[in-house]
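Novice: The following block contains the structure, expressed as structure tokens.
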Amino acid sequence: MPRRKPETAVVHPKKGKGHGPMVEPVHLTTTWQLDSAKQGAAFSSALGPEAFYTRWGNPTTRVLEESVAELEGGAKAIATGSGMGAISSAILAVVSKGDLVVAGKSLYSATTELFTRVLPRWGVETTFVDPAKRGSWREAVTKNTTLVYAESPANPTMGITDLREAAEAAHAVGAIAMTDNTFATPINQRPIEHGFDVVLHSATKYLGGHTDVTAGVIVMKTDELWDRIWFLYKILGPAIGPMDAYLVRRGMKTLPQRVRQQNATAQALAEFLEDHAQVERVHYPGLKTFPQHALAKRQMDGFGGMLSFEIKGGRAAGIRFVESVEVATLAVSLGGAETLVQHPASMTHGPLTDEERALSGISDGLIRVSVGLEHVDDLIADFAQALKKAR
């Protein structure tokens with residue numbers, strides 16, 4: 001049977017035909033009754049048994065994992081209790097003392113802090129590169145590089161990584177290529193198709209899609225990588241609860257429709273902002289003026305529901321804007337039904353130093369927008385009045 005389209009895959013989990021519930025049961029148990037000590041011993045040495053202990057695996061969680069793996073074109077997946085639970089588990093599973101990481105310079109702030117504040121304590125150093133500079137990945141990797149880490153589109157600058165170029169640079173030195181695909185979603189982009197080994201998601205965002213659950217997912221290209229990462233995941237314990245796994249899986253049933261509407265609304269909003277006299281620059285891959293538009297068009301099926309723009313007037317104007325919206329909401333996070341705005345320099349990326357924010361391309365007047373499901377006319381009118389108040 002050919003690979004199923006996303007619209008079909010998200011509605012129908014892979015399961016046999018026959019009598020049974022239309023909605024997968026939620027297995028709220030933490031542990032399972034065993035037939036014998038011998039059976040318990042077998043489960044204890046198994047990788048990811050789904051009916052032994054919920055930190056190791058759970059039938060409800062397994063349905064979610066299989067669904068995301070299918071969408072991304074991976075072999076297997078691990079669901080976690082948060083996006084950072086997924087990111088940290090995956091990264092820590094593949095680096096050791098003396099290793100070098102090569103990463104894109106614009107990343108989610110907590111990921112940057114993991115590379116700059118945590119990993120150096122264990123003798124792991126990170127070189128940050130400009131993904132927009134052709135050849136930067138190949139120039140930065142060395143024989144000590146074990147991980148190449150990308151985020152595309154990047155948070156919050158929307159910078160695009162040439163995924164094939166980054167993966168080839170990693171594999172040239174025997175490193176693992178890993179990327180955060182949260183902003184794009186597997187509807188708009190599937191990095192494994194471009195050579196990546198591991199794909200990460202904050203499922204709190206688009207996969208769940210309703211601002212009511214915190215979760216993460218790691219998708220591996222091979223069973224061998226899944227074995228390696230699952231072992232550390234088991235030790236660290238960032239398990240997702242069965243009810244949360246159910247909520248993410250339920251949210252995924254409308255993922256293609258939600259993402260495609262958000263793509264269209266974000267495009268229209270970006271075009272409005274680009275023409276506004278009070279806006280200095282708009283960062284959205286769907287704009288023809290976006291420096292990496294051609295690359296985004298080549299490796300993405302849609303340009304996403306995330307955008308950012310730089311308002312004239314710097315920090316003060318940026319803060320006035322986010323405090324003046326009426327249809328949109330001032331809040332962190334992204335990917336839900338509601339349009340959210342936030343000011344990265346003082347909010348999500350506030351914990352970074354001035355130098356780290358500058359390296360990431362975050363100006364004081366930068367505003368990040370997660371486009372929701374409201375009508376585009378209402379959003380444009382809202383942004384127009386907020387820009388007027390921010391002058």
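Chain identifiers are assigned as A, B, and so on, following the order in which chains appear in the structure tokens; residues are numbered from 1 within each chain, and ligands are numbered from 1 in order of appearance.
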For region 286-297 of chain A, work out the shell of residues within 7 Å, counting only C-alpha atoms and skipping chain neighbours fewer than 2 positions away, then give it as a PyMOL selection string.

Specialist: chain A and resi 160+162+267+283-284+299-300+303

Novice: Next, the residues of the selection above should be written as a PDB file, in the first residue's frame with C-alpha atoms.

Specialist:
ATOM      1  CA  ILE A 160      15.821  28.720   6.954  1.00  0.00           C
ATOM      2  CA  ASP A 162      19.338  24.129   3.823  1.00  0.00           C
ATOM      3  CA  GLN A 267       0.924  34.912   4.216  1.00  0.00           C
ATOM      4  CA  HIS A 283      10.499  37.779   8.523  1.00  0.00           C
ATOM      5  CA  TYR A 284       8.299  35.250   6.732  1.00  0.00           C
ATOM      6  CA  GLN A 299      12.125  22.223   0.671  1.00  0.00           C
ATOM      7  CA  MET A 300       8.756  23.185   2.179  1.00  0.00           C
ATOM      8  CA  PHE A 303       5.510  28.431   4.713  1.00  0.00           C
TER       9      PHE A 303
END

Novice: How would you write, as an MDAnalysis selection string, the set of residues in region 141-228 of chain A that DSSP gives as strand (DSSP E or B)?

Specialist: chainID A and resid 145:151 176:180 198:202 216:220

Novice: Tell me which of A:Val101, A:Ala175, A:Ile229, A:Val141 sits closest to Lys76 (chain A), counting only C-alpha atoms.

Specialist: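 Using only C-alpha atoms, Lys76 (chain A) sits closest to A:Ile229.
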
Novice: List as a list of chain:residue names the protein and nucleic acid residues near Glu24 (chain A), meaning an atom at most 12 Å away when only C-alpha atoms are counted, but skip any in the same chain fewer than 3 places from it.

Specialist: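 That gives A:Val11, A:His12, A:Pro13, A:Lys14, A:Lys15, A:Gly20, A:Pro21, A:His27, A:Pro59, A:Thr60, A:Thr61, A:Arg62, A:Val63, A:Leu64, A:Pro242, A:Met243, A:Ala245, A:Tyr246, A:Leu247, A:Arg249, A:Arg250.
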
Novice: Would you mind exporting C-alpha atoms of the selected residues as a PDB file, in the first residue's frame?

Specialist:
ATOM      1  CA  VAL A  11      -7.710  10.351  11.240  1.00  0.00           C
ATOM      2  CA  HIS A  12      -6.931   6.631  11.214  1.00  0.00           C
ATOM      3  CA  PRO A  13      -4.163   5.243  13.449  1.00  0.00           C
ATOM      4  CA  LYS A  14      -2.544   2.123  12.041  1.00  0.00           C
ATOM      5  CA  LYS A  15      -4.543  -0.788  13.424  1.00  0.00           C
ATOM      6  CA  GLY A  20     -13.472  -2.299  18.283  1.00  0.00           C
ATOM      7  CA  PRO A  21     -13.827   1.287  19.541  1.00  0.00           C
ATOM      8  CA  HIS A  27      -4.843   3.616  29.494  1.00  0.00           C
ATOM      9  CA  PRO A  59      -0.617   1.754  24.629  1.00  0.00           C
ATOM     10  CA  THR A  60      -2.153   5.242  24.428  1.00  0.00           C
ATOM     11  CA  THR A  61       1.265   6.835  24.090  1.00  0.00           C
ATOM     12  CA  ARG A  62       2.281   4.278  21.477  1.00  0.00           C
ATOM     13  CA  VAL A  63      -0.602   5.328  19.195  1.00  0.00           C
ATOM     14  CA  LEU A  64       0.657   8.929  19.334  1.00  0.00           C
ATOM     15  CA  PRO A 242      -1.575   8.858  28.936  1.00  0.00           C
ATOM     16  CA  MET A 243      -4.278  11.541  29.072  1.00  0.00           C
ATOM     17  CA  ALA A 245      -0.875  11.643  24.886  1.00  0.00           C
ATOM     18  CA  TYR A 246      -4.561  11.167  24.066  1.00  0.00           C
ATOM     19  CA  LEU A 247      -5.126  14.938  23.838  1.00  0.00           C
ATOM     20  CA  ARG A 249      -3.406  12.506  19.274  1.00  0.00           C
ATOM     21  CA  ARG A 250      -6.947  13.911  19.218  1.00  0.00           C
TER      22      ARG A 250
END

Novice: Considering only C-alpha atoms, return as a PyMOL selection string whatever protein or nucleic-acid residues lie within 12 Å of Thr353 (chain A), sequence-local ones (same chain, fewer than 2 positions apart) excluded.

Specialist: chain A and resi 109+112-113+116-117+345-346+349-351+355-360+362

Novice: Atoms to include: C-alpha atoms. Write the selected residues as an mmCIF file, in the first residue's frame.

Specialist:
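Saved the output as part_22.cif:
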data_model
loop_
_atom_site.group_PDB
_atom_site.id
_atom_site.type_symbol
_atom_site.label_atom_id
_atom_site.label_comp_id
_atom_site.auth_asym_id
_atom_site.auth_seq_id
_atom_site.Cartn_x
_atom_site.Cartn_y
_atom_site.Cartn_z
ATOM 1 C CA SER A 109 16.037 30.147 23.916
ATOM 2 C CA THR A 112 20.459 27.793 23.324
ATOM 3 C CA GLU A 113 20.757 27.652 27.115
ATOM 4 C CA THR A 116 25.710 27.267 26.320
ATOM 5 C CA ARG A 117 24.920 26.729 30.033
ATOM 6 C CA ALA A 345 13.829 40.481 23.637
ATOM 7 C CA SER A 346 11.987 40.942 26.935
ATOM 8 C CA HIS A 349 14.672 35.278 24.863
ATOM 9 C CA GLY A 350 15.039 37.608 27.829
ATOM 10 C CA PRO A 351 17.190 35.051 29.744
ATOM 11 C CA GLU A 355 25.414 39.226 22.879
ATOM 12 C CA GLU A 356 23.467 35.968 22.516
ATOM 13 C CA ARG A 357 20.361 37.818 21.356
ATOM 14 C CA ALA A 358 22.435 39.782 18.855
ATOM 15 C CA LEU A 359 23.976 36.545 17.544
ATOM 16 C CA SER A 360 20.490 35.114 17.141
ATOM 17 C CA ILE A 362 16.842 39.313 17.836
#

Novice: Within 10 Å of region 329-340 of chain A, which residues of region 194-215 of chain A show up? Give each one with its shortest atom-to-atom distance in Å (one decimal) and the two atoms involved, counting only C-alpha atoms, rows by chain then rising residue number, as a tab-separated table.

Specialist:
residue	atom	partner	partner_atom	distance
A:Ser202	CA	A:Gly335	CA	9.8
A:Ala203	CA	A:Gly335	CA	9.2
A:Thr204	CA	A:Gly335	CA	7.9
A:Lys205	CA	A:Gly335	CA	4.3
A:Tyr206	CA	A:Gly335	CA	4.3
A:Leu207	CA	A:Gly335	CA	8.0
A:Gly208	CA	A:Gly336	CA	7.8
A:Gly209	CA	A:Gly336	CA	4.5
A:His210	CA	A:Gly336	CA	4.8
A:Thr211	CA	A:Gly336	CA	5.4
A:Asp212	CA	A:Gly336	CA	8.9

Novice: Export C-alpha atoms of the chosen residues as a PDB file, in the first residue's frame?

Specialist:
ATOM      1  CA  SER A 202       7.223  20.482  20.880  1.00  0.00           C
ATOM      2  CA  ALA A 203       3.851  18.762  20.551  1.00  0.00           C
ATOM      3  CA  THR A 204       2.495  21.462  22.859  1.00  0.00           C
ATOM      4  CA  LYS A 205       2.320  23.560  19.705  1.00  0.00           C
ATOM      5  CA  TYR A 206       0.829  22.526  16.352  1.00  0.00           C
ATOM      6  CA  LEU A 207       0.485  18.780  16.946  1.00  0.00           C
ATOM      7  CA  GLY A 208      -1.749  19.291  19.994  1.00  0.00           C
ATOM      8  CA  GLY A 209      -3.024  22.509  18.508  1.00  0.00           C
ATOM      9  CA  HIS A 210      -5.468  23.617  21.218  1.00  0.00           C
ATOM     10  CA  THR A 211      -3.289  25.235  23.933  1.00  0.00           C
ATOM     11  CA  ASP A 212      -4.367  22.632  26.470  1.00  0.00           C
TER      12      ASP A 212
END

Novice: Tell me which protein, DNA and RNA residues are within 10 Å of Leu269 (chain A), counting only C-alpha atoms, leaving out same-chain ones fewer than 3 positions away, and put them as a PDB file with C-alpha atoms, in the first residue's frame.

Specialist:
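Ended up saving to selection-v3.pdb:
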ATOM      1  CA  ALA A 264      -2.732  31.200   4.212  1.00  0.00           C
ATOM      2  CA  THR A 265      -3.537  33.682   6.985  1.00  0.00           C
ATOM      3  CA  ALA A 266       0.140  34.173   7.869  1.00  0.00           C
ATOM      4  CA  PHE A 272       0.001  43.560   5.046  1.00  0.00           C
ATOM      5  CA  LEU A 273       2.854  44.182   7.483  1.00  0.00           C
ATOM      6  CA  GLU A 274       5.426  44.422   4.707  1.00  0.00           C
ATOM      7  CA  TYR A 284       8.299  35.250   6.732  1.00  0.00           C
ATOM      8  CA  LEU A 307       6.178  35.120  11.403  1.00  0.00           C
ATOM      9  CA  VAL A 369       3.456  36.185  15.862  1.00  0.00           C
ATOM     10  CA  VAL A 371      -1.094  33.012  13.603  1.00  0.00           C
ATOM     11  CA  VAL A 376      -7.696  37.199   8.409  1.00  0.00           C
ATOM     12  CA  ASP A 377      -9.662  40.462   8.049  1.00  0.00           C
ATOM     13  CA  LEU A 379      -6.414  40.076  12.421  1.00  0.00           C
ATOM     14  CA  ILE A 380      -5.303  42.690   9.900  1.00  0.00           C
ATOM     15  CA  PHE A 383      -2.719  44.730  13.871  1.00  0.00           C
TER      16      PHE A 383
END

Novice: Neighbouring residues of Val217 (chain A) were defined as those with any atom within 10 Å, considering only C-alpha atoms; residues of the same chain fewer than 6 positions away were excluded. Please report them as a list in words.

Specialist: Leu64, Glu65, Val68, Ala69, Ala77, Ile78, Ala79, Thr80, Gly81, Ser82, Gly83, Met84, Gly85, Ala86, Ile87, Ala90, Thr182, Val199, Leu200, His201, Ser202, Ala203, Thr204, Leu207 and Ile240 of chain A

Novice: I need the residues from that last selection saved to file as a short mmCIF file (atom, residue, chain, number, x, y, z; two decimals), in the first residue's frame (with N, CA and C atoms), if you can.

Specialist:
data_model
loop_
_atom_site.label_atom_id
_atom_site.label_comp_id
_atom_site.auth_asym_id
_atom_site.auth_seq_id
_atom_site.Cartn_x
_atom_site.Cartn_y
_atom_site.Cartn_z
N LEU A 64 0.14 7.60 19.67
CA LEU A 64 0.66 8.93 19.33
C LEU A 64 2.02 8.82 18.66
N GLU A 65 2.90 8.02 19.23
CA GLU A 65 4.25 7.87 18.68
C GLU A 65 4.22 7.34 17.25
N VAL A 68 2.95 10.14 14.75
CA VAL A 68 3.91 11.18 14.40
C VAL A 68 5.04 10.60 13.55
N ALA A 69 5.48 9.39 13.88
CA ALA A 69 6.53 8.75 13.08
C ALA A 69 6.06 8.56 11.64
N ALA A 77 9.18 6.53 17.15
CA ALA A 77 9.17 7.81 17.87
C ALA A 77 9.06 7.57 19.36
N ILE A 78 9.40 8.60 20.13
CA ILE A 78 9.24 8.61 21.59
C ILE A 78 8.48 9.87 21.95
N ALA A 79 7.38 9.75 22.68
CA ALA A 79 6.63 10.90 23.15
C ALA A 79 7.09 11.26 24.56
N THR A 80 7.18 12.55 24.84
CA THR A 80 7.67 13.03 26.13
C THR A 80 6.68 14.04 26.73
N GLY A 81 6.96 14.42 27.96
CA GLY A 81 6.05 15.31 28.68
C GLY A 81 6.18 16.77 28.31
N SER A 82 7.18 17.14 27.49
CA SER A 82 7.34 18.52 27.03
C SER A 82 8.27 18.54 25.83
N GLY A 83 8.27 19.67 25.12
CA GLY A 83 9.20 19.80 24.01
C GLY A 83 10.64 19.75 24.45
N MET A 84 10.97 20.41 25.55
CA MET A 84 12.34 20.38 26.05
C MET A 84 12.71 19.00 26.58
N GLY A 85 11.72 18.24 27.05
CA GLY A 85 11.99 16.86 27.44
C GLY A 85 12.46 16.05 26.24
N ALA A 86 11.86 16.31 25.08
CA ALA A 86 12.27 15.64 23.85
C ALA A 86 13.64 16.12 23.40
N ILE A 87 13.83 17.44 23.36
CA ILE A 87 15.10 18.02 22.89
C ILE A 87 16.26 17.59 23.78
N ALA A 90 17.09 13.77 23.49
CA ALA A 90 17.72 13.42 22.22
C ALA A 90 19.16 13.91 22.15
N THR A 182 9.28 21.94 14.85
CA THR A 182 8.04 22.41 15.48
C THR A 182 7.34 23.47 14.64
N VAL A 199 14.19 13.98 14.23
CA VAL A 199 13.31 15.14 14.12
C VAL A 199 12.59 15.34 15.46
N LEU A 200 12.58 16.59 15.93
CA LEU A 200 12.01 16.91 17.23
C LEU A 200 10.79 17.80 17.09
N HIS A 201 9.86 17.64 18.03
CA HIS A 201 8.67 18.49 18.07
C HIS A 201 8.34 18.87 19.51
N SER A 202 7.99 20.13 19.70
CA SER A 202 7.22 20.48 20.88
C SER A 202 5.77 20.24 20.49
N ALA A 203 5.23 19.12 20.91
CA ALA A 203 3.85 18.76 20.55
C ALA A 203 2.84 19.63 21.27
N THR A 204 3.31 20.44 22.22
CA THR A 204 2.50 21.46 22.86
C THR A 204 1.92 22.40 21.81
N LEU A 207 1.01 20.15 16.91
CA LEU A 207 0.48 18.78 16.95
C LEU A 207 -0.72 18.71 17.87
N ILE A 240 5.40 11.24 29.20
CA ILE A 240 4.13 11.92 29.01
C ILE A 240 3.03 11.08 29.66
#

Novice: Counting only C-alpha atoms, which of A:Pro285, A:Glu125, A:Lys5, A:Asp364 gets nearest to Arg298 (chain A)?

Specialist: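 Checking each candidate against Arg298 (chain A), we get A:Pro285 as the closest.
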
Novice: Might you pull out every residue within 8 Å of Gln262 (chain A), with only C-alpha atoms counted and same-chain residues fewer than 4 positions away left off, and present them as a PyMOL selection string?

Specialist: chain A and resi 258+266+304-305+371-373

Novice: Atoms to include: C-alpha atoms. Write the selected residues as a CSV table (one decimal), in the first residue's frame.

Specialist:
chain,number,residue,atom,x,y,z
A,258,ARG,CA,-5.4,23.9,10.8
A,266,ALA,CA,0.1,34.2,7.9
A,304,GLY,CA,3.9,28.0,8.2
A,305,GLY,CA,1.8,30.0,10.6
A,371,VAL,CA,-1.1,33.0,13.6
A,372,GLY,CA,-4.2,31.3,14.8
A,373,LEU,CA,-7.6,30.4,13.2

Novice: Select, from A:Met306, A:Arg260, A:Glu139, A:Val10, the residue with the minimum atom-to-atom distance to Gly159 (chain A), counting only C-alpha atoms.

Specialist: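 Using only C-alpha atoms, the shortest distance to Gly159 (chain A) belongs to A:Met306.
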
Novice: Running DSSP on the backbone, which parts of region 89-251 of chain A land in alpha helix (DSSP H), as a ChimeraX atom specification?

Specialist: /A:89-94,109-113,136-140,163-172,185-188,223-236,242-251

Novice: Of the candidates A:Glu168, A:Thr31, A:Asp99, A:Ala150, which one gets nearest to Phe43 (chain A) if we count only C-alpha atoms?

Specialist: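 Looking at the shortest contact to Phe43 (chain A), the residue is A:Thr31.
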